[in-house]
Amino acid sequence: MKAGFYPKMAVSGMRKNGRLYVPYIAACILMVAMFYIMHLLGFSEMLEGFTGAGTARDILKLGSAVIAVFGTIFLFYTQSTLIKGRLKEFGLYSVLGMNRKNLSKIIFFETLITWFISITAGLAIGIGLSKLAELGFRKMLALESSYKFVVSGESIYFTLLLYTFIFFLIFLNAARLVRFSRTINLINSDKAGEKPPKANWFVGILGLFILLTGYGIVLMIKTPLQALAMFFVAVILIIIGTYLVLIAGSVLLCRILQKNKRYYYKTNHFVSVSSMAYRMKRNGAGLASICILLTMVLVMMSSTSSLYLNREDVLQNHYPRQLNASASNYGYSESYTETAKRLEKEVIEKAHEFGAETTNDISLSCCSFSGYMENGRLRVDIDPFTMGTSINFDNVATVYFIDLEDYNRITGKNVVLGKDEALVGVSGNIPVEDSICIGDETFKVAKRIDARADELKYIGLNEVVSTITLVVDDLGETASRYSGLKDSRGDTMLMWQWNFAFDTNLDEDKQAELGKILAKHIRDDLYPKEQDYFRVVCESRVEQRSDFVRTFGGLFYLGILLSIIFLVSCVLIIYYKQISEGFEDQGRFGIMQKVGMTKENIKKSINSQMLTVFLIPIIFACVHLAAVLPIIHKLLKLFGHNNMPLLLLSAGICVLVCGIFYAVIYKLTSNAYYKIVS
Amino acid sequence: MSLLEAKNIKKVYKTRFGGASVEALKNVSFTVEKGEYVAIMGESGSGKTTLLNIIAALDRATEGTVILDGMDLSKVKDKDVAKFRRDNLGYVFQEFNLLDTFSLEDNIYLPLVLAGKKHAEMKQRLDGIAGTLGISDLLKKYPYEVSGGQKQRAAVARALITNPRIILADEPTGALDSKSSDELLALFKKVNQMGQTILMVTHSTKAASNASRVLFIKDGMIFHQIYKGQATDQQMYQSISDTLTLLAQGGDN
């Protein structure tokens, strides 16, 4: 055979199927470009030399791994639908005398061409856009822009390696598809005796059950720790449920509608209901994939954007004043309080020495330990974290004791408490009646207070477990009752903590400088070496801010990049679905016209069908998002984020943006569909 | 007045770039009386399917008129064509053209549903013809579950259920084995005897020998016609094949 025959066949085959190949190659190019950018940002020296660089880069490294895995699966899937659409053509070749080996050669050259275009264009675009991506990243993380243009050989090498491997797998898969089909099947592959789907009650109901179980788990979760443990279970159940419901459940629904004669035998419903039933069976999986991708985009974008936008809030909660010092130790002794007083004095003096005026200071000490709520009593004789699977995270609670003197000073009140009396504030799942039992001691509830009000909120900041705040008359005396408690490892459970924070009249640079000076002073001169485990730190809010921005900005950035990838994949799945449906409907369209359906009727029925099929994934995705928002809210608490309105707002915006994008895609792809049908 | 009247029908196909044009029908005129069973015969490419498509308003003639029961087809507006077809014509195709998304029953109902009929009425009408066609037990099945002959009977039911003025059949036995063909032809005869007008296009001598009149078409023109009269199917068969032989030998002379 003439040299260059196979490449020529490959080129002409791809050109003839341009409608299928152009979007596929475009997706390949995008995947390559994205991977290169991600790899470059994550692994090269480009993002070096700022605090928090490690965290940000780790996030991006994770992102490149996600793209690699997802890209492989997705390109694999796309290519096999593509090859399946061409089996007839290959069947014809084989009737004309090509054997399987010849066909494999054509496929090889096709893959080679795709590989070449994707890699060259992908890398070119990736290199071209990398600067933009870097600038975007720096902007988001509030870093200084750099004007250096970096091309990383290592990233190019890895991209090349990975995608060559992926394309090799793709080739093997395509060759397998062609090799294991018989000539006659190849020719008839289009019309292989299609059965209309039977309603599968079992699978449909099972799907619904699994989906609802997933939702149920989400709704039952009360605390972030539980959320962490159960999140993936819920996610997997919801994904499986979605697939089953969309594949089997929708057929079931159509069958039920068909049973209703008065509904079914209407001009508008007749054609659409039956072809929906037909279509859902084959496209249920595609719709479910679109739905899952959309859900992922929505969840990712709403959580990361809300984290990013809320960073200042979290920062303020962690660092209530410009400068924040704290000390902690196990157990409790009078000497701790004295040390705290000494530290406070020294820190203030040093600040004044620096030329700062100190204002607005908070000084607060407390004692805390955790226990397990059972029958209205906080048990301290069992260690929640050794309970294994029998643990109910709902019942884990931390108790904070505060001295009445501190409380009165902070709130400006003048409360008097008797012995064994306490002011009680709780958060989470804690029932409070006339008295409250902590370990072996019982406190009479003198009054309920809001533990989240005033400066009290800076205590027990963790939103992870339920908290109990008790204001007692004599902290020292109360603490001494619990200082003997040991956990299962024999460590003292009671923790003493002192927080001291104040504002200054300094500008941000000076604040940071003062923070460093104080930290050094504490470390070198004030550290009470005579006491074991004594931990003292001093941090300025300014310095911590950049760390927050870097972490949350990195996550947000990753969220955006991954969303782009997922959305593009969505577009491709929708596009191929429309095209294949178009070819499928071509014949049906003709028959119905011959039997007496007007063009207008046909257009109307197709329109309503497509709209329904198009709306299903996004409606499901929104329902999923609404169902998992509570769990996301709880997970965000682990990052110190507790701002439900903001989360709802960003979720709403994400839904809106996604919806508009999706509508545009629908419009564009349905045009492709009409072109085929008419 | 005749039920169907075709006058001087001409159809010219142009190639896409307006170059060569092909005359599929040159000048065809004929009439069909109410209650008649007419077969149109001719070889592949003789223009018989084009003719049928024009009569069915699936295609428009370049020149000439088709008048069905006093209505001029060329006067029917484009957007009303489908409705016209639904109300007046029943079409039986060679490839059955059943929709695989519907059960046989729903396939048969399709034109009625499109016409907006009530389910009770549809059921009543179907009950009336299902017995005659021998498909009562098959109604709940899907096209992929039944044989070609059964599919074609369902397609006939779909054509009959609207009580059309005329049934148009395009090679109805073309995709059937000989046993199913015989059954279908017997069915057509029965339906015709019940008063249904049928116009059938075929190149099967056997199918044509069932009709009461056979038109021969060649190179886009009506060439000859035979009336069955009192002849048996056997005799009709003989005279049709004689005519065909004559046609094949260049009977223009």
# chains A, B, ... in the order shown; residues from 1 in each chain; ligands from 1
>>> interface_residues(of="chain A", to="chain B", cutoff="9 Å", atoms="only C-alpha atoms", output="PyMOL selection string")
chain A and resi 193-197+261-262+265-268+270-271+274-275+277-278+588+591-601
>>> select_by_dssp(residues="stretch 66-183 of chain B", states="alpha helix (DSSP H)", output="MDAnalysis selection string")
chainID B and resid 81:88 104:114 119:133 148:160 178:183
>>> write_last_selection(atoms="N, CA and C atoms", output="short mmCIF file (atom, residue, chain, number, x, y, z; two decimals), in the first residue's frame")
data_model
loop_
_atom_site.label_atom_id
_atom_site.label_comp_id
_atom_site.auth_asym_id
_atom_site.auth_seq_id
_atom_site.Cartn_x
_atom_site.Cartn_y
_atom_site.Cartn_z
N VAL B 81 -50.65 21.21 5.46
CA VAL B 81 -50.47 19.97 4.73
C VAL B 81 -50.53 18.75 5.65
N ALA B 82 -49.83 18.85 6.80
CA ALA B 82 -49.80 17.70 7.71
C ALA B 82 -51.20 17.37 8.20
N LYS B 83 -51.97 18.41 8.50
CA LYS B 83 -53.33 18.20 8.99
C LYS B 83 -54.19 17.57 7.89
N PHE B 84 -54.01 18.08 6.67
CA PHE B 84 -54.75 17.55 5.53
C PHE B 84 -54.48 16.06 5.37
N ARG B 85 -53.21 15.71 5.44
CA ARG B 85 -52.79 14.32 5.28
C ARG B 85 -53.41 13.46 6.38
N ARG B 86 -53.37 13.99 7.60
CA ARG B 86 -53.87 13.27 8.76
C ARG B 86 -55.36 12.98 8.60
N ASP B 87 -56.11 13.99 8.10
CA ASP B 87 -57.57 13.86 8.04
C ASP B 87 -58.06 13.06 6.84
N ASN B 88 -57.28 13.07 5.74
CA ASN B 88 -57.82 12.51 4.51
C ASN B 88 -57.09 11.29 3.97
N LEU B 104 -47.49 -0.96 19.80
CA LEU B 104 -48.28 -0.97 18.57
C LEU B 104 -49.55 -0.15 18.75
N GLU B 105 -50.17 -0.32 19.89
CA GLU B 105 -51.41 0.40 20.17
C GLU B 105 -51.20 1.92 20.04
N ASP B 106 -50.12 2.41 20.68
CA ASP B 106 -49.87 3.85 20.65
C ASP B 106 -49.48 4.31 19.26
N ASN B 107 -48.78 3.44 18.52
CA ASN B 107 -48.45 3.77 17.14
C ASN B 107 -49.71 3.99 16.32
N ILE B 108 -50.69 3.11 16.55
CA ILE B 108 -51.95 3.20 15.81
C ILE B 108 -52.72 4.46 16.22
N TYR B 109 -52.63 4.79 17.51
CA TYR B 109 -53.34 5.97 18.01
C TYR B 109 -52.74 7.29 17.53
N LEU B 110 -51.45 7.25 17.15
CA LEU B 110 -50.72 8.49 16.90
C LEU B 110 -51.49 9.54 16.08
N PRO B 111 -52.04 9.17 14.89
CA PRO B 111 -52.74 10.21 14.13
C PRO B 111 -53.96 10.76 14.86
N LEU B 112 -54.64 9.89 15.63
CA LEU B 112 -55.81 10.37 16.36
C LEU B 112 -55.42 11.29 17.50
N VAL B 113 -54.32 10.94 18.18
CA VAL B 113 -53.86 11.79 19.27
C VAL B 113 -53.49 13.16 18.72
N LEU B 114 -52.85 13.13 17.53
CA LEU B 114 -52.48 14.39 16.91
C LEU B 114 -53.72 15.21 16.55
N HIS B 119 -59.54 9.54 24.40
CA HIS B 119 -59.06 8.17 24.47
C HIS B 119 -60.18 7.16 24.24
N ALA B 120 -61.35 7.43 24.81
CA ALA B 120 -62.46 6.49 24.69
C ALA B 120 -62.83 6.27 23.22
N GLU B 121 -62.84 7.38 22.47
CA GLU B 121 -63.20 7.28 21.07
C GLU B 121 -62.15 6.50 20.29
N MET B 122 -60.88 6.78 20.61
CA MET B 122 -59.78 6.09 19.94
C MET B 122 -59.89 4.59 20.15
N LYS B 123 -60.20 4.23 21.42
CA LYS B 123 -60.27 2.82 21.76
C LYS B 123 -61.40 2.15 21.00
N GLN B 124 -62.50 2.86 20.92
CA GLN B 124 -63.66 2.32 20.22
C GLN B 124 -63.32 2.04 18.75
N ARG B 125 -62.66 3.00 18.14
CA ARG B 125 -62.30 2.84 16.73
C ARG B 125 -61.33 1.69 16.54
N LEU B 126 -60.36 1.59 17.44
CA LEU B 126 -59.37 0.52 17.32
C LEU B 126 -60.04 -0.84 17.50
N ASP B 127 -60.92 -0.93 18.47
CA ASP B 127 -61.62 -2.19 18.68
C ASP B 127 -62.34 -2.62 17.41
N GLY B 128 -62.85 -1.61 16.66
CA GLY B 128 -63.57 -1.91 15.43
C GLY B 128 -62.71 -2.56 14.37
N ILE B 129 -61.42 -2.18 14.31
CA ILE B 129 -60.60 -2.70 13.21
C ILE B 129 -59.58 -3.74 13.64
N ALA B 130 -59.27 -3.80 14.93
CA ALA B 130 -58.20 -4.70 15.39
C ALA B 130 -58.54 -6.14 15.07
N GLY B 131 -59.80 -6.49 15.23
CA GLY B 131 -60.23 -7.86 14.95
C GLY B 131 -60.01 -8.22 13.49
N THR B 132 -60.45 -7.34 12.62
CA THR B 132 -60.31 -7.56 11.18
C THR B 132 -58.86 -7.76 10.79
N LEU B 133 -58.00 -6.96 11.40
CA LEU B 133 -56.59 -7.02 11.05
C LEU B 133 -55.83 -8.12 11.80
N GLY B 148 -42.33 -8.85 10.89
CA GLY B 148 -42.55 -7.84 9.87
C GLY B 148 -44.01 -7.77 9.46
N GLY B 149 -44.63 -8.95 9.25
CA GLY B 149 -46.02 -8.98 8.84
C GLY B 149 -46.92 -8.33 9.87
N GLN B 150 -46.61 -8.61 11.13
CA GLN B 150 -47.43 -8.02 12.21
C GLN B 150 -47.24 -6.52 12.27
N LYS B 151 -45.99 -6.10 12.03
CA LYS B 151 -45.73 -4.67 12.02
C LYS B 151 -46.55 -4.00 10.92
N GLN B 152 -46.55 -4.66 9.73
CA GLN B 152 -47.24 -4.04 8.61
C GLN B 152 -48.75 -3.99 8.87
N ARG B 153 -49.27 -5.00 9.56
CA ARG B 153 -50.70 -4.97 9.87
C ARG B 153 -51.01 -3.82 10.82
N ALA B 154 -50.09 -3.60 11.76
CA ALA B 154 -50.28 -2.46 12.66
C ALA B 154 -50.24 -1.16 11.88
N ALA B 155 -49.32 -1.10 10.90
CA ALA B 155 -49.21 0.12 10.09
C ALA B 155 -50.49 0.34 9.28
N VAL B 156 -51.09 -0.77 8.82
CA VAL B 156 -52.37 -0.65 8.10
C VAL B 156 -53.44 -0.13 9.04
N ALA B 157 -53.43 -0.65 10.26
CA ALA B 157 -54.40 -0.18 11.25
C ALA B 157 -54.23 1.32 11.48
N ARG B 158 -52.96 1.77 11.55
CA ARG B 158 -52.70 3.20 11.75
C ARG B 158 -53.26 4.01 10.58
N ALA B 159 -53.16 3.42 9.36
CA ALA B 159 -53.66 4.14 8.20
C ALA B 159 -55.19 4.17 8.19
N LEU B 160 -55.80 3.06 8.68
CA LEU B 160 -57.25 2.94 8.60
C LEU B 160 -57.99 3.70 9.68
N SER B 178 -43.03 -14.24 1.80
CA SER B 178 -44.16 -14.49 0.92
C SER B 178 -45.44 -14.80 1.69
N LYS B 179 -45.30 -15.48 2.84
CA LYS B 179 -46.51 -15.80 3.60
C LYS B 179 -47.16 -14.53 4.13
N SER B 180 -46.31 -13.68 4.72
CA SER B 180 -46.84 -12.42 5.24
C SER B 180 -47.41 -11.56 4.12
N SER B 181 -46.77 -11.62 2.94
CA SER B 181 -47.27 -10.85 1.80
C SER B 181 -48.67 -11.29 1.45
N ASP B 182 -48.85 -12.60 1.37
CA ASP B 182 -50.18 -13.13 1.03
C ASP B 182 -51.21 -12.66 2.03
N GLU B 183 -50.84 -12.74 3.30
CA GLU B 183 -51.78 -12.33 4.34
C GLU B 183 -52.16 -10.86 4.19
#
>>> closest_atom_pairs(of="stretch 127-191 of chain B", to="stretch 199-223 of chain B", cutoff="12 Å", atoms="only C-alpha atoms", output="tab-separated table")
residue	atom	partner	partner_atom	distance
B:Arg165	CA	B:Leu199	CA	10.9
B:Ile166	CA	B:Leu199	CA	7.2
B:Ile167	CA	B:Leu199	CA	6.1
B:Leu168	CA	B:Leu199	CA	5.0
B:Ala169	CA	B:Met200	CA	4.5
B:Asp170	CA	B:Val201	CA	5.0
B:Glu171	CA	B:Thr202	CA	4.7
B:Pro172	CA	B:Thr202	CA	7.6
B:Thr173	CA	B:Ala207	CA	7.6
B:Gly174	CA	B:Thr202	CA	7.9
B:Ala175	CA	B:Ser204	CA	11.6
B:Leu176	CA	B:Ser204	CA	11.7
B:Ser178	CA	B:Lys206	CA	10.0
B:Ser180	CA	B:Ala207	CA	11.8
B:Ser181	CA	B:Ala207	CA	8.0
B:Asp182	CA	B:Ala207	CA	8.3
B:Glu183	CA	B:Ala207	CA	10.9
B:Leu184	CA	B:Ala207	CA	9.4
B:Leu185	CA	B:Ala207	CA	6.6
B:Ala186	CA	B:Asn210	CA	8.3
B:Leu187	CA	B:Asn210	CA	10.6
B:Phe188	CA	B:Asn210	CA	8.6
B:Lys189	CA	B:Asn210	CA	7.1
B:Lys190	CA	B:Asn210	CA	10.8
B:Val191	CA	B:Ala211	CA	12.0
>>> residues_around(residues="A:Ile579", least_positions_apart="6", cutoff="12 Å", atoms="only C-alpha atoms", output="PDB file with N, CA, C and O atoms, in the first residue's frame")
ATOM      1  N   ASN A  17     -15.698  14.086  10.226  1.00  0.00           N
ATOM      2  CA  ASN A  17     -16.420  14.065  11.493  1.00  0.00           C
ATOM      3  C   ASN A  17     -16.071  15.287  12.340  1.00  0.00           C
ATOM      4  O   ASN A  17     -16.030  15.211  13.561  1.00  0.00           O
ATOM      5  N   ARG A  19     -17.621  17.751  13.250  1.00  0.00           N
ATOM      6  CA  ARG A  19     -18.615  18.114  14.242  1.00  0.00           C
ATOM      7  C   ARG A  19     -18.355  17.404  15.574  1.00  0.00           C
ATOM      8  O   ARG A  19     -18.694  17.892  16.628  1.00  0.00           O
ATOM      9  N   LEU A  20     -17.774  16.191  15.475  1.00  0.00           N
ATOM     10  CA  LEU A  20     -17.461  15.451  16.694  1.00  0.00           C
ATOM     11  C   LEU A  20     -16.049  15.752  17.178  1.00  0.00           C
ATOM     12  O   LEU A  20     -15.795  15.831  18.370  1.00  0.00           O
ATOM     13  N   PRO A  23     -14.822  19.721  18.997  1.00  0.00           N
ATOM     14  CA  PRO A  23     -14.984  19.942  20.436  1.00  0.00           C
ATOM     15  C   PRO A  23     -14.085  19.031  21.271  1.00  0.00           C
ATOM     16  O   PRO A  23     -13.575  19.453  22.308  1.00  0.00           O
ATOM     17  N   THR A  81     -17.248   7.553  23.304  1.00  0.00           N
ATOM     18  CA  THR A  81     -18.515   7.903  22.648  1.00  0.00           C
ATOM     19  C   THR A  81     -18.249   8.288  21.198  1.00  0.00           C
ATOM     20  O   THR A  81     -19.032   7.966  20.304  1.00  0.00           O
ATOM     21  N   LEU A  82     -17.127   8.963  21.006  1.00  0.00           N
ATOM     22  CA  LEU A  82     -16.763   9.396  19.663  1.00  0.00           C
ATOM     23  C   LEU A  82     -16.557   8.200  18.730  1.00  0.00           C
ATOM     24  O   LEU A  82     -17.068   8.159  17.616  1.00  0.00           O
ATOM     25  N   GLY A  85     -19.707   6.399  17.806  1.00  0.00           N
ATOM     26  CA  GLY A  85     -20.459   7.079  16.763  1.00  0.00           C
ATOM     27  C   GLY A  85     -19.922   6.780  15.368  1.00  0.00           C
ATOM     28  O   GLY A  85     -20.593   7.007  14.371  1.00  0.00           O
ATOM     29  N   LEU A 572     -19.165  19.685  26.958  1.00  0.00           N
ATOM     30  CA  LEU A 572     -18.878  18.649  25.974  1.00  0.00           C
ATOM     31  C   LEU A 572     -19.895  17.514  26.048  1.00  0.00           C
ATOM     32  O   LEU A 572     -20.380  17.028  25.033  1.00  0.00           O
ATOM     33  N   ILE A 573     -20.220  17.108  27.271  1.00  0.00           N
ATOM     34  CA  ILE A 573     -21.197  16.020  27.418  1.00  0.00           C
ATOM     35  C   ILE A 573     -22.528  16.452  26.822  1.00  0.00           C
ATOM     36  O   ILE A 573     -23.166  15.708  26.073  1.00  0.00           O
ATOM     37  N   ASP A 585     -33.176  11.404  16.263  1.00  0.00           N
ATOM     38  CA  ASP A 585     -34.513  11.947  16.027  1.00  0.00           C
ATOM     39  C   ASP A 585     -34.801  12.215  14.560  1.00  0.00           C
ATOM     40  O   ASP A 585     -35.961  12.350  14.178  1.00  0.00           O
ATOM     41  N   GLN A 586     -33.737  12.301  13.768  1.00  0.00           N
ATOM     42  CA  GLN A 586     -33.893  12.607  12.360  1.00  0.00           C
ATOM     43  C   GLN A 586     -34.981  11.729  11.730  1.00  0.00           C
ATOM     44  O   GLN A 586     -35.913  12.220  11.122  1.00  0.00           O
ATOM     45  N   LEU A 668     -26.749  27.217  22.438  1.00  0.00           N
ATOM     46  CA  LEU A 668     -25.787  26.951  21.372  1.00  0.00           C
ATOM     47  C   LEU A 668     -25.875  25.511  20.885  1.00  0.00           C
ATOM     48  O   LEU A 668     -25.906  25.244  19.686  1.00  0.00           O
ATOM     49  N   THR A 669     -25.944  24.560  21.843  1.00  0.00           N
ATOM     50  CA  THR A 669     -25.939  23.169  21.427  1.00  0.00           C
ATOM     51  C   THR A 669     -27.267  22.763  20.798  1.00  0.00           C
ATOM     52  O   THR A 669     -27.296  21.920  19.921  1.00  0.00           O
ATOM     53  N   SER A 670     -28.363  23.392  21.239  1.00  0.00           N
ATOM     54  CA  SER A 670     -29.631  22.991  20.623  1.00  0.00           C
ATOM     55  C   SER A 670     -29.712  23.491  19.187  1.00  0.00           C
ATOM     56  O   SER A 670     -30.415  22.919  18.365  1.00  0.00           O
ATOM     57  N   ASN A 671     -28.962  24.554  18.880  1.00  0.00           N
ATOM     58  CA  ASN A 671     -28.873  24.967  17.488  1.00  0.00           C
ATOM     59  C   ASN A 671     -28.238  23.875  16.641  1.00  0.00           C
ATOM     60  O   ASN A 671     -28.696  23.577  15.537  1.00  0.00           O
ATOM     61  N   ALA A 672     -27.178  23.287  17.185  1.00  0.00           N
ATOM     62  CA  ALA A 672     -26.520  22.182  16.482  1.00  0.00           C
ATOM     63  C   ALA A 672     -27.522  21.055  16.244  1.00  0.00           C
ATOM     64  O   ALA A 672     -27.559  20.432  15.179  1.00  0.00           O
ATOM     65  N   TYR A 673     -28.368  20.842  17.233  1.00  0.00           N
ATOM     66  CA  TYR A 673     -29.374  19.793  17.152  1.00  0.00           C
ATOM     67  C   TYR A 673     -30.375  20.070  16.030  1.00  0.00           C
ATOM     68  O   TYR A 673     -30.652  19.217  15.197  1.00  0.00           O
ATOM     69  N   TYR A 674     -30.884  21.302  15.995  1.00  0.00           N
ATOM     70  CA  TYR A 674     -31.867  21.643  14.968  1.00  0.00           C
ATOM     71  C   TYR A 674     -31.306  21.501  13.573  1.00  0.00           C
ATOM     72  O   TYR A 674     -31.995  21.098  12.656  1.00  0.00           O
ATOM     73  N   LYS A 675     -30.017  21.875  13.466  1.00  0.00           N
ATOM     74  CA  LYS A 675     -29.385  21.782  12.155  1.00  0.00           C
ATOM     75  C   LYS A 675     -29.430  20.347  11.647  1.00  0.00           C
ATOM     76  O   LYS A 675     -29.635  20.108  10.457  1.00  0.00           O
ATOM     77  N   ILE A 676     -29.213  19.401  12.548  1.00  0.00           N
ATOM     78  CA  ILE A 676     -29.213  18.004  12.138  1.00  0.00           C
ATOM     79  C   ILE A 676     -30.623  17.551  11.782  1.00  0.00           C
ATOM     80  O   ILE A 676     -30.852  16.902  10.771  1.00  0.00           O
ATOM     81  N   VAL A 677     -31.571  17.919  12.630  1.00  0.00           N
ATOM     82  CA  VAL A 677     -32.923  17.402  12.455  1.00  0.00           C
ATOM     83  C   VAL A 677     -33.589  17.933  11.197  1.00  0.00           C
ATOM     84  O   VAL A 677     -34.277  17.215  10.491  1.00  0.00           O
TER      85      VAL A 677
END
>>> residues_around(residues="A:Gln544", least_positions_apart="6", cutoff="12 Å", atoms="only C-alpha atoms", output="ChimeraX atom specification")
/A:51-52,311-312,314-324,508,511-512,515-516,538,550-551
>>> closest_residue(among="B:Leu247, B:Tyr237, B:Gly47, B:Leu3", to="B:Asp72", atoms="only C-alpha atoms")
B:Leu3
>>> residues_around(residues="A:Phe614", least_positions_apart="5", cutoff="10 Å", atoms="only C-alpha atoms", output="ChimeraX atom specification")
/A:287,290,574,608-609,619,662-663,666
>>> closest_residue(among="A:Gly4, A:Gly63, A:Gly214, A:Gly286", to="A:Pro617", atoms="only C-alpha atoms")
A:Gly286
>>> closest_residue(among="A:Ile106, A:Leu41, A:Val426, A:Val235", to="A:Ile83", atoms="only C-alpha atoms")
A:Ile106
